[in-house]
Structures are given as structure tokens and as C-alpha cells.
Amino acid sequence: MSNDPASAPEPWELMQENIEMISGGVPWGRRMAFRFTRIEKGHAWGLQPWKERLVGDPDTGVIHGGVLTAFLDNLSGTAAGSALSKPRFVATLDLRIDYMRPAEKGRDIIGEAECYHTTRNICFTRAWAYHESRDKVIATAAGAFAINKPRPADSMGKIG
Amino acid sequence: MKDENTKLSRADEVRAFIARTPLAQEMGLRCEVMGDEMTMVMPYQDKLIGNFMIKAIHGGAIGAFLELTSQAQVFLVTEHLARPPRPINLTIDYLRQGHAKDLYARAEITKMGRRMCSVRAEAWQDEREKPVTTLMAHFMVAGD
């Protein structure tokens, strides 16, 4: 890795390059079978497949709201990390979820998150979950993430 | 178990809700119902990890845990509801890291209305006074 800041890739570029590893490196994310599909600076997209084990209402087969919370939390955190110009971990400070309509049984859920503002210490995010388009949203999220202090150089590359 | 019959049956319904909800089972949840109070337990399991390097439980798993706890608590005290209530919205505050240990949670109804209900919940590990995560939520409680 070069120490020259001009030639160093931005965090979001590394994240997009390692998108498979970011998706697979988190045990709870893996249990939920959730994955990232695309990462750009300050933006993240993902897919949450329908799974029997994630159902919250056995009578309707609808996925539990808690799965959407984890999904939108993950996406928002990634959008926050991808907005920064240096690699930093971010930690969820708070997250608000509004449930607009139930997800449909057996259908994958698409999610997208954007980081619309950053300060020295905090990233502010919003996120959407839907089946087809943002016109018919299942849930929205607003989050704030604390930017952690730089990590020791020898810990880099050990994400998750 | 000497409780009044109606309370006991509602407690059983709450236990049954946890037992037959796939996500609750996936998370290994157990609930202990005492009259109109309830404590939910999420035993530590490796699959709940969100960050390997610091061995922290995934925030989303803790959020789901608190949401299920609140839902079960509202269900416990709303005899007129045939099914567990649906959430309208919720806010989660992540206060401390969730370590690789069991988590406990309790929820309290702040206000029970005719259609909506406001709930607060807390999850903790070693000390009740040091919550790991708190949640505020609204649920629909209008009868079906």
C-alpha cells in the first residue's frame, strides 16, 4: 500500500472492490442472507432475500421488522463509511425506522442508503427498503453514526 | 403456578408467540413471564456477532431483540388483540457495545391508547443500570 494520499484509493473504492467480503464477513449478516450489491461514495445498495427463518408472523409469512432494522442499519453504516475520505469504522449512534407497509411473503427486499452529511465526528444517513421502487416503500430509516478513531495500521484488511 | 386463569392463558399465548415465530427461534429467544411483566433473554451465540475483531453482537440483532421484546410486552397486556401488534415506528439508541454474552431485555408501556401504544425497552448484560441499547416504539393496538 502506498503512503501517498494522492494515489491511495478512497475507502468506497476499496469497499466496492471487496463487496463480497463485506457481505460475507459478518456472521449475523450471513445468517440473514443479506448482501451488498453496489457501493459508491456515500451510497450503498443491498438485497435482503426472503427466508423462512426470518419470518415474524407465521400466519402471513411476512419477514419480521427486526430483519429490516438490521438490513437498513448495515446499509446505512456502509453508506456512512463509504462517504469518508479515510478508512474508519463507524458505529450506530441511533437509528429510527418507520414502517410504511408490510413486506410481501416470498419476495426479496431491495434496500438503499445514503449518507447526506458528515461532520468531524458524525455521519447522517437515510435509507429505504422496497420490493420494486422507492414509490412503494416498505420502510425508511434515519440514522446517525459515530466515526471511530483511526485504526492501527496492522489491523487493516481484517474487516469482519 | 397459581395465577388467575386469564393472565395465565395470555402468558401462554406470549410464550407460544415466541415459540412459533421463526425469527425469535433463529435468535434463540426465551421469555420469562411473571404476571403482566416479562423478561426476554437472548443467549449468546456466535452467529449473532456483527464485528469479529471486537467480538461485538450485531446492532441489528439487538434492535430486532428489543423490537420482539416490545411486541411481546404489548401483546401480554392487550387482551383484546388476537395477534401480536404491528410496529408503526421505532428509534434505537446504541449506548454501549454488546459483548459476547447473554442479553436481557424488558419493555415498559409508556402510554396505552385506544389505537396506538407507546413503549420503551432496554437491553442490558451485566448491569441493569448500564443498558447496552434502548428502544422507543409505537405499535398499533386497534382490535382486528
# chains A, B, ... in the order shown; residues from 1 in each chain; ligands from 1
>>> interface_residues(of="chain B", to="chain A", cutoff="6 Å", atoms="only C-alpha atoms", output="VMD selection string")
chain B and resid 21 to 23 47 to 52 60 64 88 to 94
>>> residues_around(residues="A:Arg120", least_positions_apart="3", cutoff="12 Å", atoms="only C-alpha atoms", output="list in words")
Leu84, Ser85, Lys86, Arg88, His117, Cys123, Phe124, Phe145, Ala146, Ile147, Asn148 and Lys149 of chain A
>>> select_by_dssp(residues="chain A", states="alpha helix (DSSP H)", output="PyMOL selection string")
chain A and resi 11-17+19-24+27-31+65-83
>>> select_by_dssp(residues="chain A", states="strand (DSSP E)", output="short mmCIF file (atom, residue, chain, number, x, y, z; two decimals) with all heavy atoms, in the first residue's frame")
data_model
loop_
_atom_site.label_atom_id
_atom_site.label_comp_id
_atom_site.auth_asym_id
_atom_site.auth_seq_id
_atom_site.Cartn_x
_atom_site.Cartn_y
_atom_site.Cartn_z
N ARG A 35 -27.00 -9.26 1.39
CA ARG A 35 -25.73 -8.92 0.73
C ARG A 35 -25.77 -7.52 0.10
O ARG A 35 -26.84 -7.02 -0.25
CB ARG A 35 -25.37 -9.97 -0.31
CG ARG A 35 -26.30 -10.07 -1.47
CD ARG A 35 -25.76 -11.09 -2.48
NE ARG A 35 -26.53 -11.01 -3.71
CZ ARG A 35 -27.63 -11.72 -3.94
NH1 ARG A 35 -28.07 -12.57 -3.04
NH2 ARG A 35 -28.29 -11.58 -5.07
N PHE A 36 -24.57 -6.95 -0.01
CA PHE A 36 -24.45 -5.67 -0.69
C PHE A 36 -24.41 -5.92 -2.19
O PHE A 36 -23.82 -6.90 -2.64
CB PHE A 36 -23.17 -4.95 -0.26
CG PHE A 36 -23.19 -4.50 1.16
CD1 PHE A 36 -22.59 -5.24 2.15
CD2 PHE A 36 -23.83 -3.31 1.50
CE1 PHE A 36 -22.62 -4.83 3.48
CE2 PHE A 36 -23.86 -2.89 2.83
CZ PHE A 36 -23.26 -3.65 3.81
N THR A 37 -25.00 -5.03 -2.96
CA THR A 37 -24.96 -5.20 -4.41
C THR A 37 -24.11 -4.12 -5.08
O THR A 37 -23.58 -4.33 -6.17
CB THR A 37 -26.38 -5.19 -5.01
OG1 THR A 37 -27.07 -4.04 -4.53
CG2 THR A 37 -27.14 -6.44 -4.59
N ARG A 38 -24.00 -2.95 -4.43
CA ARG A 38 -23.23 -1.87 -5.04
C ARG A 38 -22.85 -0.83 -3.98
O ARG A 38 -23.65 -0.55 -3.09
CB ARG A 38 -24.11 -1.20 -6.11
CG ARG A 38 -23.39 -0.22 -7.02
CD ARG A 38 -24.28 0.10 -8.21
NE ARG A 38 -24.47 1.52 -8.36
CZ ARG A 38 -25.58 2.09 -8.82
NH1 ARG A 38 -26.62 1.34 -9.16
NH2 ARG A 38 -25.66 3.38 -8.96
N ILE A 39 -21.65 -0.31 -4.10
CA ILE A 39 -21.22 0.74 -3.17
C ILE A 39 -20.59 1.87 -3.98
O ILE A 39 -19.75 1.63 -4.85
CB ILE A 39 -20.21 0.20 -2.13
CG1 ILE A 39 -20.88 -0.86 -1.24
CG2 ILE A 39 -19.66 1.34 -1.27
CD1 ILE A 39 -19.91 -1.64 -0.38
N GLU A 40 -21.05 3.08 -3.71
CA GLU A 40 -20.42 4.27 -4.28
C GLU A 40 -20.14 5.22 -3.12
O GLU A 40 -20.55 4.97 -2.00
CB GLU A 40 -21.37 4.95 -5.29
CG GLU A 40 -21.48 4.16 -6.59
CD GLU A 40 -22.53 4.75 -7.52
OE1 GLU A 40 -23.01 5.87 -7.26
OE2 GLU A 40 -22.88 4.07 -8.50
N HIS A 43 -23.00 6.08 -0.79
CA HIS A 43 -24.21 5.33 -1.15
C HIS A 43 -23.96 3.82 -1.05
O HIS A 43 -22.87 3.35 -1.40
CB HIS A 43 -24.63 5.62 -2.59
CG HIS A 43 -25.38 6.90 -2.73
ND1 HIS A 43 -24.76 8.10 -2.96
CD2 HIS A 43 -26.71 7.17 -2.66
CE1 HIS A 43 -25.67 9.06 -3.02
NE2 HIS A 43 -26.87 8.52 -2.84
N ALA A 44 -24.98 3.09 -0.62
CA ALA A 44 -24.88 1.63 -0.61
C ALA A 44 -26.22 1.03 -1.01
O ALA A 44 -27.28 1.56 -0.64
CB ALA A 44 -24.46 1.14 0.77
N TRP A 45 -26.15 -0.06 -1.77
CA TRP A 45 -27.35 -0.80 -2.18
C TRP A 45 -27.21 -2.24 -1.73
O TRP A 45 -26.08 -2.77 -1.69
CB TRP A 45 -27.51 -0.78 -3.70
CG TRP A 45 -27.90 0.55 -4.27
CD1 TRP A 45 -29.15 0.95 -4.61
CD2 TRP A 45 -27.03 1.65 -4.61
NE1 TRP A 45 -29.11 2.24 -5.12
CE2 TRP A 45 -27.83 2.69 -5.12
CE3 TRP A 45 -25.65 1.85 -4.48
CZ2 TRP A 45 -27.30 3.90 -5.54
CZ3 TRP A 45 -25.11 3.07 -4.89
CH2 TRP A 45 -25.93 4.08 -5.42
N GLY A 46 -28.33 -2.88 -1.41
CA GLY A 46 -28.25 -4.27 -0.98
C GLY A 46 -29.53 -5.03 -1.23
O GLY A 46 -30.55 -4.46 -1.65
N LEU A 47 -29.44 -6.32 -0.96
CA LEU A 47 -30.57 -7.21 -1.19
C LEU A 47 -30.79 -8.09 0.05
O LEU A 47 -29.84 -8.68 0.55
CB LEU A 47 -30.26 -8.11 -2.39
CG LEU A 47 -31.42 -8.94 -2.90
CD1 LEU A 47 -32.36 -8.07 -3.73
CD2 LEU A 47 -30.91 -10.11 -3.73
N GLN A 48 -32.01 -8.12 0.53
CA GLN A 48 -32.38 -8.99 1.64
C GLN A 48 -33.37 -10.02 1.12
O GLN A 48 -34.54 -9.71 0.91
CB GLN A 48 -33.00 -8.17 2.77
CG GLN A 48 -33.61 -8.98 3.90
CD GLN A 48 -32.58 -9.82 4.63
OE1 GLN A 48 -31.64 -9.31 5.22
NE2 GLN A 48 -32.74 -11.15 4.56
N VAL A 55 -39.04 -15.07 9.24
CA VAL A 55 -40.45 -14.68 9.30
C VAL A 55 -40.82 -14.21 10.70
O VAL A 55 -40.36 -14.76 11.70
CB VAL A 55 -41.33 -15.87 8.83
CG1 VAL A 55 -42.78 -15.68 9.24
CG2 VAL A 55 -41.20 -16.03 7.32
N GLY A 56 -41.65 -13.15 10.76
CA GLY A 56 -42.08 -12.62 12.05
C GLY A 56 -43.52 -12.96 12.35
O GLY A 56 -43.96 -12.86 13.49
N ASP A 57 -44.27 -13.33 11.35
CA ASP A 57 -45.67 -13.69 11.55
C ASP A 57 -45.95 -14.98 10.77
O ASP A 57 -46.11 -14.95 9.55
CB ASP A 57 -46.57 -12.55 11.04
CG ASP A 57 -48.05 -12.86 11.26
OD1 ASP A 57 -48.39 -14.03 11.54
OD2 ASP A 57 -48.86 -11.92 11.15
N VAL A 62 -44.78 -13.07 6.54
CA VAL A 62 -44.06 -11.80 6.33
C VAL A 62 -42.80 -11.76 7.21
O VAL A 62 -42.84 -12.16 8.38
CB VAL A 62 -45.00 -10.61 6.65
CG1 VAL A 62 -44.22 -9.31 6.70
CG2 VAL A 62 -46.10 -10.52 5.61
N ILE A 63 -41.72 -11.27 6.64
CA ILE A 63 -40.45 -11.14 7.37
C ILE A 63 -40.62 -10.17 8.53
O ILE A 63 -41.33 -9.17 8.43
CB ILE A 63 -39.35 -10.64 6.39
CG1 ILE A 63 -38.83 -11.82 5.57
CG2 ILE A 63 -38.22 -9.96 7.12
CD1 ILE A 63 -37.60 -11.50 4.78
N VAL A 90 -17.42 2.96 11.56
CA VAL A 90 -18.47 3.81 12.12
C VAL A 90 -19.35 2.93 13.01
O VAL A 90 -19.50 1.74 12.75
CB VAL A 90 -19.32 4.49 11.03
CG1 VAL A 90 -18.47 5.42 10.18
CG2 VAL A 90 -20.03 3.47 10.15
N ALA A 91 -19.89 3.53 14.08
CA ALA A 91 -20.76 2.79 14.99
C ALA A 91 -22.11 3.48 15.04
O ALA A 91 -22.19 4.70 15.11
CB ALA A 91 -20.14 2.76 16.38
N THR A 92 -23.17 2.69 15.00
CA THR A 92 -24.51 3.28 15.03
C THR A 92 -24.74 3.99 16.36
O THR A 92 -24.56 3.40 17.41
CB THR A 92 -25.61 2.21 14.86
OG1 THR A 92 -25.19 1.27 13.88
CG2 THR A 92 -26.92 2.83 14.44
N LEU A 93 -25.12 5.25 16.26
CA LEU A 93 -25.47 6.02 17.45
C LEU A 93 -26.96 5.84 17.69
O LEU A 93 -27.41 5.42 18.74
CB LEU A 93 -25.14 7.49 17.18
CG LEU A 93 -24.76 8.39 18.33
CD1 LEU A 93 -23.63 7.80 19.13
CD2 LEU A 93 -24.37 9.75 17.77
N ASP A 94 -27.74 6.18 16.68
CA ASP A 94 -29.17 5.86 16.76
C ASP A 94 -29.73 5.64 15.37
O ASP A 94 -29.14 6.03 14.36
CB ASP A 94 -29.94 6.92 17.55
CG ASP A 94 -30.16 8.20 16.79
OD1 ASP A 94 -29.64 8.34 15.67
OD2 ASP A 94 -30.85 9.08 17.31
N LEU A 95 -30.85 4.98 15.36
CA LEU A 95 -31.48 4.62 14.10
C LEU A 95 -32.98 4.67 14.31
O LEU A 95 -33.49 4.11 15.28
CB LEU A 95 -31.06 3.20 13.71
CG LEU A 95 -31.44 2.75 12.30
CD1 LEU A 95 -30.57 3.43 11.26
CD2 LEU A 95 -31.29 1.24 12.17
N ARG A 96 -33.67 5.38 13.43
CA ARG A 96 -35.12 5.41 13.53
C ARG A 96 -35.70 4.74 12.29
O ARG A 96 -35.28 5.01 11.16
CB ARG A 96 -35.62 6.85 13.59
CG ARG A 96 -37.15 6.88 13.65
CD ARG A 96 -37.70 8.21 13.24
NE ARG A 96 -39.11 8.11 12.94
CZ ARG A 96 -40.06 8.65 13.69
NH1 ARG A 96 -39.75 9.27 14.78
NH2 ARG A 96 -41.31 8.53 13.32
N ILE A 97 -36.65 3.85 12.52
CA ILE A 97 -37.27 3.12 11.42
C ILE A 97 -38.76 3.45 11.39
O ILE A 97 -39.42 3.43 12.44
CB ILE A 97 -37.14 1.59 11.61
CG1 ILE A 97 -35.72 1.18 11.94
CG2 ILE A 97 -37.70 0.84 10.40
CD1 ILE A 97 -34.84 0.95 10.76
N ASP A 98 -39.28 3.76 10.22
CA ASP A 98 -40.72 3.92 10.03
C ASP A 98 -41.21 2.81 9.12
O ASP A 98 -40.65 2.61 8.03
CB ASP A 98 -41.03 5.28 9.39
CG ASP A 98 -40.81 6.42 10.37
OD1 ASP A 98 -41.61 6.55 11.31
OD2 ASP A 98 -39.83 7.17 10.20
N TYR A 99 -42.22 2.10 9.58
CA TYR A 99 -42.77 1.01 8.78
C TYR A 99 -43.97 1.51 7.99
O TYR A 99 -44.98 1.89 8.57
CB TYR A 99 -43.20 -0.16 9.67
CG TYR A 99 -42.03 -0.81 10.37
CD1 TYR A 99 -41.86 -0.67 11.74
CD2 TYR A 99 -41.11 -1.55 9.66
CE1 TYR A 99 -40.79 -1.26 12.39
CE2 TYR A 99 -40.04 -2.15 10.28
CZ TYR A 99 -39.88 -2.00 11.65
OH TYR A 99 -38.82 -2.58 12.28
N ILE A 109 -36.22 -8.19 -0.74
CA ILE A 109 -36.34 -6.76 -0.42
C ILE A 109 -35.08 -6.05 -0.88
O ILE A 109 -33.97 -6.52 -0.64
CB ILE A 109 -36.56 -6.57 1.10
CG1 ILE A 109 -37.89 -7.22 1.51
CG2 ILE A 109 -36.54 -5.09 1.47
CD1 ILE A 109 -38.06 -7.35 3.00
N ILE A 110 -35.28 -4.95 -1.58
CA ILE A 110 -34.15 -4.14 -2.04
C ILE A 110 -33.98 -2.99 -1.06
O ILE A 110 -34.97 -2.44 -0.56
CB ILE A 110 -34.43 -3.59 -3.46
CG1 ILE A 110 -34.57 -4.75 -4.44
CG2 ILE A 110 -33.32 -2.64 -3.92
CD1 ILE A 110 -35.14 -4.35 -5.78
N GLY A 111 -32.74 -2.63 -0.78
CA GLY A 111 -32.50 -1.52 0.12
C GLY A 111 -31.45 -0.58 -0.44
O GLY A 111 -30.57 -1.00 -1.19
N GLU A 112 -31.58 0.69 -0.14
CA GLU A 112 -30.53 1.64 -0.49
C GLU A 112 -30.37 2.65 0.64
O GLU A 112 -31.32 2.97 1.35
CB GLU A 112 -30.82 2.35 -1.81
CG GLU A 112 -32.12 3.11 -1.85
CD GLU A 112 -32.30 3.84 -3.19
OE1 GLU A 112 -31.76 4.96 -3.33
OE2 GLU A 112 -32.95 3.27 -4.06
N ALA A 113 -29.14 3.11 0.81
CA ALA A 113 -28.86 4.06 1.88
C ALA A 113 -27.95 5.15 1.35
O ALA A 113 -27.13 4.90 0.46
CB ALA A 113 -28.19 3.37 3.05
N GLU A 114 -28.13 6.36 1.87
CA GLU A 114 -27.21 7.43 1.50
C GLU A 114 -26.77 8.16 2.75
O GLU A 114 -27.52 8.29 3.72
CB GLU A 114 -27.85 8.40 0.50
CG GLU A 114 -28.98 9.22 1.07
CD GLU A 114 -29.41 10.34 0.12
OE1 GLU A 114 -29.05 10.30 -1.06
OE2 GLU A 114 -30.11 11.25 0.59
N CYS A 115 -25.54 8.61 2.70
CA CYS A 115 -25.01 9.43 3.76
C CYS A 115 -25.08 10.86 3.23
O CYS A 115 -24.37 11.19 2.29
CB CYS A 115 -23.58 9.03 4.08
SG CYS A 115 -22.79 10.11 5.26
N TYR A 116 -25.97 11.68 3.78
CA TYR A 116 -26.20 13.00 3.19
C TYR A 116 -25.44 14.12 3.88
O TYR A 116 -25.43 15.25 3.39
CB TYR A 116 -27.70 13.32 3.12
CG TYR A 116 -28.38 13.42 4.46
CD1 TYR A 116 -28.53 14.64 5.10
CD2 TYR A 116 -28.90 12.28 5.07
CE1 TYR A 116 -29.17 14.74 6.31
CE2 TYR A 116 -29.54 12.37 6.29
CZ TYR A 116 -29.67 13.59 6.90
OH TYR A 116 -30.30 13.69 8.13
N HIS A 117 -24.79 13.79 4.99
CA HIS A 117 -23.98 14.83 5.64
C HIS A 117 -22.98 14.17 6.59
O HIS A 117 -23.29 13.20 7.26
CB HIS A 117 -24.88 15.79 6.43
CG HIS A 117 -24.13 16.95 7.00
ND1 HIS A 117 -23.65 17.97 6.22
CD2 HIS A 117 -23.75 17.23 8.27
CE1 HIS A 117 -23.02 18.84 7.00
NE2 HIS A 117 -23.06 18.41 8.24
N THR A 118 -21.77 14.73 6.61
CA THR A 118 -20.80 14.25 7.61
C THR A 118 -20.19 15.45 8.32
O THR A 118 -20.02 16.52 7.73
CB THR A 118 -19.65 13.44 6.99
OG1 THR A 118 -18.96 14.27 6.04
CG2 THR A 118 -20.14 12.19 6.28
N ILE A 122 -19.51 12.73 13.11
CA ILE A 122 -20.79 12.05 12.88
C ILE A 122 -21.14 11.99 11.38
O ILE A 122 -20.90 12.92 10.63
CB ILE A 122 -21.95 12.81 13.59
CG1 ILE A 122 -21.62 13.06 15.08
CG2 ILE A 122 -23.28 12.08 13.45
CD1 ILE A 122 -21.62 11.83 15.94
N CYS A 123 -21.76 10.86 10.99
CA CYS A 123 -22.35 10.72 9.65
C CYS A 123 -23.86 10.64 9.80
O CYS A 123 -24.36 9.91 10.66
CB CYS A 123 -21.89 9.41 8.99
SG CYS A 123 -20.13 9.33 8.65
N PHE A 124 -24.57 11.36 8.97
CA PHE A 124 -26.04 11.32 8.98
C PHE A 124 -26.52 10.57 7.74
O PHE A 124 -26.05 10.84 6.63
CB PHE A 124 -26.61 12.73 9.01
CG PHE A 124 -26.25 13.49 10.25
CD1 PHE A 124 -25.10 14.29 10.28
CD2 PHE A 124 -27.02 13.38 11.39
CE1 PHE A 124 -24.75 14.98 11.43
CE2 PHE A 124 -26.67 14.07 12.55
CZ PHE A 124 -25.53 14.88 12.57
N THR A 125 -27.45 9.66 7.95
CA THR A 125 -27.87 8.79 6.84
C THR A 125 -29.40 8.70 6.74
O THR A 125 -30.12 8.96 7.69
CB THR A 125 -27.36 7.35 7.04
OG1 THR A 125 -27.95 6.81 8.23
CG2 THR A 125 -25.85 7.29 7.16
N ARG A 126 -29.84 8.32 5.53
CA ARG A 126 -31.23 7.88 5.39
C ARG A 126 -31.23 6.66 4.47
O ARG A 126 -30.32 6.48 3.65
CB ARG A 126 -32.15 8.98 4.90
CG ARG A 126 -31.61 9.78 3.76
CD ARG A 126 -32.55 10.94 3.44
NE ARG A 126 -31.83 11.93 2.64
CZ ARG A 126 -31.75 13.23 2.93
NH1 ARG A 126 -32.38 13.73 3.97
NH2 ARG A 126 -31.05 14.04 2.16
N ALA A 127 -32.28 5.85 4.63
CA ALA A 127 -32.31 4.60 3.88
C ALA A 127 -33.75 4.20 3.58
O ALA A 127 -34.68 4.64 4.26
CB ALA A 127 -31.61 3.50 4.66
N TRP A 128 -33.89 3.38 2.53
CA TRP A 128 -35.21 2.93 2.08
C TRP A 128 -35.17 1.42 1.82
O TRP A 128 -34.17 0.91 1.31
CB TRP A 128 -35.57 3.61 0.75
CG TRP A 128 -35.63 5.10 0.80
CD1 TRP A 128 -36.76 5.86 0.92
CD2 TRP A 128 -34.54 6.03 0.69
NE1 TRP A 128 -36.44 7.20 0.92
CE2 TRP A 128 -35.09 7.33 0.79
CE3 TRP A 128 -33.16 5.90 0.56
CZ2 TRP A 128 -34.30 8.48 0.73
CZ3 TRP A 128 -32.36 7.03 0.51
CH2 TRP A 128 -32.93 8.31 0.59
N ALA A 129 -36.30 0.77 2.10
CA ALA A 129 -36.43 -0.65 1.75
C ALA A 129 -37.72 -0.81 0.95
O ALA A 129 -38.75 -0.22 1.31
CB ALA A 129 -36.49 -1.51 3.00
N TYR A 130 -37.65 -1.56 -0.16
CA TYR A 130 -38.83 -1.71 -1.03
C TYR A 130 -38.69 -2.97 -1.87
O TYR A 130 -37.62 -3.58 -1.94
CB TYR A 130 -38.99 -0.48 -1.93
CG TYR A 130 -37.70 -0.07 -2.62
CD1 TYR A 130 -37.30 -0.69 -3.80
CD2 TYR A 130 -36.88 0.91 -2.08
CE1 TYR A 130 -36.12 -0.33 -4.43
CE2 TYR A 130 -35.68 1.27 -2.69
CZ TYR A 130 -35.30 0.65 -3.87
OH TYR A 130 -34.12 0.97 -4.49
N VAL A 137 -42.58 2.22 -0.79
CA VAL A 137 -41.55 1.86 0.18
C VAL A 137 -42.13 1.01 1.31
O VAL A 137 -43.27 1.20 1.72
CB VAL A 137 -40.86 3.16 0.66
CG1 VAL A 137 -41.70 3.89 1.69
CG2 VAL A 137 -39.48 2.90 1.20
N ILE A 138 -41.36 0.05 1.79
CA ILE A 138 -41.78 -0.81 2.90
C ILE A 138 -41.38 -0.15 4.23
O ILE A 138 -42.17 -0.10 5.16
CB ILE A 138 -41.11 -2.21 2.80
CG1 ILE A 138 -41.57 -2.92 1.53
CG2 ILE A 138 -41.41 -3.05 4.03
CD1 ILE A 138 -40.72 -4.13 1.16
N ALA A 139 -40.16 0.35 4.28
CA ALA A 139 -39.69 1.01 5.49
C ALA A 139 -38.64 2.04 5.14
O ALA A 139 -37.93 1.90 4.13
CB ALA A 139 -39.10 -0.01 6.46
N THR A 140 -38.56 3.10 5.95
CA THR A 140 -37.49 4.08 5.78
C THR A 140 -36.70 4.16 7.09
O THR A 140 -37.22 3.78 8.15
CB THR A 140 -38.02 5.48 5.46
OG1 THR A 140 -38.87 5.90 6.52
CG2 THR A 140 -38.79 5.48 4.15
N ALA A 141 -35.48 4.62 6.99
CA ALA A 141 -34.66 4.74 8.20
C ALA A 141 -33.90 6.05 8.18
O ALA A 141 -33.51 6.54 7.12
CB ALA A 141 -33.67 3.58 8.28
N ALA A 142 -33.70 6.64 9.35
CA ALA A 142 -32.83 7.80 9.51
C ALA A 142 -31.82 7.44 10.59
O ALA A 142 -32.21 6.95 11.66
CB ALA A 142 -33.64 9.02 9.93
N GLY A 143 -30.56 7.63 10.31
CA GLY A 143 -29.55 7.21 11.28
C GLY A 143 -28.48 8.24 11.52
O GLY A 143 -28.27 9.15 10.71
N ALA A 144 -27.79 8.10 12.65
CA ALA A 144 -26.59 8.87 12.94
C ALA A 144 -25.51 7.89 13.37
O ALA A 144 -25.77 6.98 14.15
CB ALA A 144 -26.86 9.89 14.05
N PHE A 145 -24.33 8.06 12.80
CA PHE A 145 -23.23 7.14 13.07
C PHE A 145 -22.03 7.90 13.61
O PHE A 145 -21.68 8.95 13.07
CB PHE A 145 -22.82 6.40 11.78
CG PHE A 145 -23.87 5.41 11.33
CD1 PHE A 145 -24.99 5.84 10.63
CD2 PHE A 145 -23.74 4.06 11.62
CE1 PHE A 145 -25.97 4.93 10.24
CE2 PHE A 145 -24.71 3.15 11.22
CZ PHE A 145 -25.83 3.58 10.53
N ALA A 146 -21.42 7.37 14.66
CA ALA A 146 -20.21 7.97 15.22
C ALA A 146 -19.01 7.45 14.43
O ALA A 146 -18.92 6.26 14.14
CB ALA A 146 -20.07 7.59 16.69
N ILE A 147 -18.13 8.37 14.05
CA ILE A 147 -16.93 7.97 13.33
C ILE A 147 -15.85 7.63 14.36
O ILE A 147 -15.49 8.46 15.19
CB ILE A 147 -16.43 9.12 12.42
CG1 ILE A 147 -17.55 9.53 11.45
CG2 ILE A 147 -15.18 8.69 11.66
CD1 ILE A 147 -17.28 10.85 10.73
#
>>> closest_residue(among="B:Gly35, B:Pro87, B:Gly28, B:Pro43", to="B:Ala100", atoms="only C-alpha atoms")
B:Pro43
>>> residues_around(residues="B:Lys101", least_positions_apart="6", cutoff="12 Å", atoms="only C-alpha atoms", output="tab-separated table (two decimals) with N, CA and C atoms, in the first residue's frame")
chain	number	residue	atom	x	y	z
B	41	VAL	N	-34.76	-13.10	27.10
B	41	VAL	CA	-33.33	-13.44	27.13
B	41	VAL	C	-32.88	-13.84	25.73
B	42	MET	N	-31.75	-13.28	25.31
B	42	MET	CA	-31.13	-13.73	24.05
B	42	MET	C	-29.77	-14.34	24.44
B	43	PRO	N	-29.71	-15.67	24.53
B	43	PRO	CA	-28.44	-16.31	24.91
B	43	PRO	C	-27.39	-16.03	23.85
B	44	TYR	N	-26.14	-15.85	24.29
B	44	TYR	CA	-25.08	-15.55	23.33
B	44	TYR	C	-24.88	-16.72	22.36
B	45	GLN	N	-24.77	-16.41	21.08
B	45	GLN	CA	-24.44	-17.40	20.06
B	45	GLN	C	-23.51	-16.71	19.06
B	46	ASP	N	-22.54	-17.46	18.54
B	46	ASP	CA	-21.56	-16.88	17.61
B	46	ASP	C	-22.22	-16.23	16.41
B	48	LEU	N	-24.60	-14.36	16.21
B	48	LEU	CA	-25.14	-13.02	16.47
B	48	LEU	C	-24.07	-11.93	16.33
B	49	ILE	N	-22.84	-12.35	16.09
B	49	ILE	CA	-21.73	-11.39	16.03
B	49	ILE	C	-21.85	-10.46	14.81
B	55	LYS	N	-15.49	-8.72	18.76
B	55	LYS	CA	-16.46	-9.70	19.27
B	55	LYS	C	-17.70	-9.00	19.82
B	56	ALA	N	-18.29	-8.16	18.99
B	56	ALA	CA	-19.48	-7.43	19.43
B	56	ALA	C	-20.71	-8.03	18.76
B	57	ILE	N	-21.82	-8.06	19.51
B	57	ILE	CA	-23.08	-8.54	18.95
B	57	ILE	C	-23.59	-7.50	17.94
B	124	TRP	N	-29.76	-5.13	28.42
B	124	TRP	CA	-28.55	-4.99	29.22
B	124	TRP	C	-27.84	-6.34	29.32
B	125	GLN	N	-26.61	-6.31	29.85
B	125	GLN	CA	-25.87	-7.55	30.05
B	125	GLN	C	-25.53	-7.73	31.53
B	126	ASP	N	-24.39	-7.21	31.99
B	126	ASP	CA	-24.01	-7.45	33.38
B	126	ASP	C	-24.81	-6.62	34.37
B	132	VAL	N	-27.20	-1.59	27.27
B	132	VAL	CA	-26.44	-1.67	26.03
B	132	VAL	C	-27.16	-0.88	24.94
>>> atom_distance(atom1="atom CA of B:Thr134", atom2="atom CA of B:Gln97")
12.2 Å
>>> residues_around(residues="B:Val119", least_positions_apart="6", cutoff="7 Å", atoms="only C-alpha atoms", output="list in words")
Ser70, Ala107, Glu108, Ile109, Thr110, Met136, Ala137 and His138 of chain B
>>> write_last_selection(atoms="N, CA and C atoms", output="compact mmCIF listing (two decimals), in the first residue's frame")
# COMPACT_ATOMS: atom_id res chain seq x y z
N SER B 70 -40.59 -5.73 22.86
CA SER B 70 -41.67 -4.73 22.97
C SER B 70 -42.98 -5.30 22.46
N ALA B 107 -39.47 -4.42 28.49
CA ALA B 107 -40.17 -3.30 27.85
C ALA B 107 -41.25 -2.80 28.80
N GLU B 108 -41.51 -1.51 28.69
CA GLU B 108 -42.49 -0.88 29.56
C GLU B 108 -43.42 -0.04 28.69
N ILE B 109 -44.71 -0.14 28.95
CA ILE B 109 -45.66 0.66 28.17
C ILE B 109 -45.67 2.07 28.75
N THR B 110 -45.35 3.05 27.94
CA THR B 110 -45.37 4.44 28.41
C THR B 110 -46.79 4.98 28.37
N MET B 136 -37.41 3.02 21.64
CA MET B 136 -38.72 3.64 21.83
C MET B 136 -39.53 3.25 20.61
N ALA B 137 -40.76 2.80 20.82
CA ALA B 137 -41.53 2.35 19.67
C ALA B 137 -43.00 2.67 19.84
N HIS B 138 -43.69 2.74 18.70
CA HIS B 138 -45.16 2.84 18.69
C HIS B 138 -45.72 1.60 18.01
